[in-house]
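Here's the structure we're looking at; comments come further down.
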Amino acid sequence: RRYRHLLALPEIVHCGSLIIDDIQDGSSVRRGGPTCHVTHGIPTAINAGTAAYFHAINIIEVLTPGLSAETRLEIYQLYFVAMRAGHCGQGLDLKGVDHMMEDVVESGHARKLEEAVLVTHRLKSGVPAGCLARMGAVLGGGSTEQSKRIGSYFESLGLAFQIIDDVLSLKGFQGKQKAVLGEDIIAGKITYPIAQAMRGDVGRDDDDGHHDGHHHH
């Protein structure tokens with residue numbers, strides 16, 4: 001209960017990242033309403049988005065005064081690993097993997113395409129989720145091994161979330177989809193479902209020779 005207020009930290013960081021992400025993607029709708037930059041303009045939205053990253057630290061500094069210097073340092077380190085990874089992942093996402101498509105179409109080997117998308121997702125969502133979970137383990141007095149395991153678990157959840165998000169971008173979710181379905185495809189962005197589709201005959205891609213193409217159409 002002493003640390004319940006820290007649940008606001010990932011929410012604030014996530015909101016900030018969505019504000020910036022919507023500017024970079026040119027999105028007009030977020031959570032059923034106009035995006036921040038559409039309502040308030042791009043300069044204000046950029047400032048609000050980046051301010052959120054620093055306001056989140058304020059929760060640790062001001063609202064959690066009883067932490068030891070060692071614990072505080074460990075949490076700061078995890079926080080900045082999360083932020084670095086998230087920005088690296090976003091950078092890769094903005095670059096995209098469409099430059100790999102010509103080779104994939106010619107060769108039929110799409111495993112590298114799939115791996116590139118997964119690396120982006122892992123950095124953008126997986127590592128930040130894992131780091132935030134490890135903060136909880138540190139505050140809860142968990143061992144190094146416990147911290148590592150819970151971080152790994154939540155990293156996997158972050159990766160899964162991003163893959164699901166790719167799919168929902170194509171098909172929507174219970175009528176609450178974005179303004180335009182298939183926004184990623186329209187923008188020429190290669191997401192995980194596209195990378196999977198490009199694999200075609202999976203057996204050709206498998207280095208170990210296993211053929212698992214039975215579930216592909």
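Just remember, in the structure tokens the first chain shown is A, the second B, etc., residues are 1-based per chain, and ligands are 1-based in the order shown.
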
Residues within 7 Å of Gly151 (chain A), please, as JSON, numbers by chain. Count only C-alpha atoms; anything in the same chain fewer than 4 positions from it doesn't count. {"A": [130, 131, 133, 134, 147, 155]}

N, CA and C atoms of the current selection, written as a tab-separated table (two decimals), in the first residue's frame:
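Generated output (selection02.tsv):
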chain	number	residue	atom	x	y	z
A	130	GLY	N	9.24	-4.85	-18.82
A	130	GLY	CA	10.08	-5.67	-17.94
A	130	GLY	C	10.77	-4.83	-16.88
A	131	CYS	N	11.27	-3.68	-17.28
A	131	CYS	CA	11.96	-2.79	-16.33
A	131	CYS	C	11.01	-2.27	-15.26
A	133	ALA	N	8.34	-3.73	-14.19
A	133	ALA	CA	8.03	-4.86	-13.30
A	133	ALA	C	9.17	-5.09	-12.31
A	134	ARG	N	10.39	-4.92	-12.79
A	134	ARG	CA	11.55	-5.11	-11.91
A	134	ARG	C	11.62	-4.02	-10.83
A	147	SER	N	13.62	-10.73	-9.33
A	147	SER	CA	13.52	-9.52	-10.15
A	147	SER	C	13.73	-9.85	-11.63
A	155	GLU	N	8.32	-8.68	-19.83
A	155	GLU	CA	8.88	-8.34	-21.14
A	155	GLU	C	8.13	-9.12	-22.22

Name the residues of region 19-173 of chain A that fall into strand (DSSP E) according to DSSP on the backbone, using the chain letters and numbers of this document, as a ChimeraX atom specification. /A:29-30,33-34

Interatomic distance (Å, one decimal) between CA of Val119 (chain A) and CA of Asp93 (chain A):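 Separation of CA of Val119 (chain A) and CA of Asp93 (chain A): 9.7 Å.
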
Of A:Ile194, A:His40, A:Glu106, A:Thr71, the one nearest to Gly142 (chain A) when counting only C-alpha atoms is A:Thr71

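Of the listed residues A:Leu67, A:Leu139, A:Leu6, A:Val127, the one whose atoms come nearest to His55 (chain A) is A:Leu6, with distances taken using only C-alpha atoms.
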
Taking into account only C-alpha atoms, which residue in the set A:Asn58, A:Arg4, A:Ile46, A:Cys15 is nearest to Arg31 (chain A)?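 Between A:Asn58, A:Arg4, A:Ile46, A:Cys15, the residue approaching Arg31 (chain A) most closely is A:Cys15.
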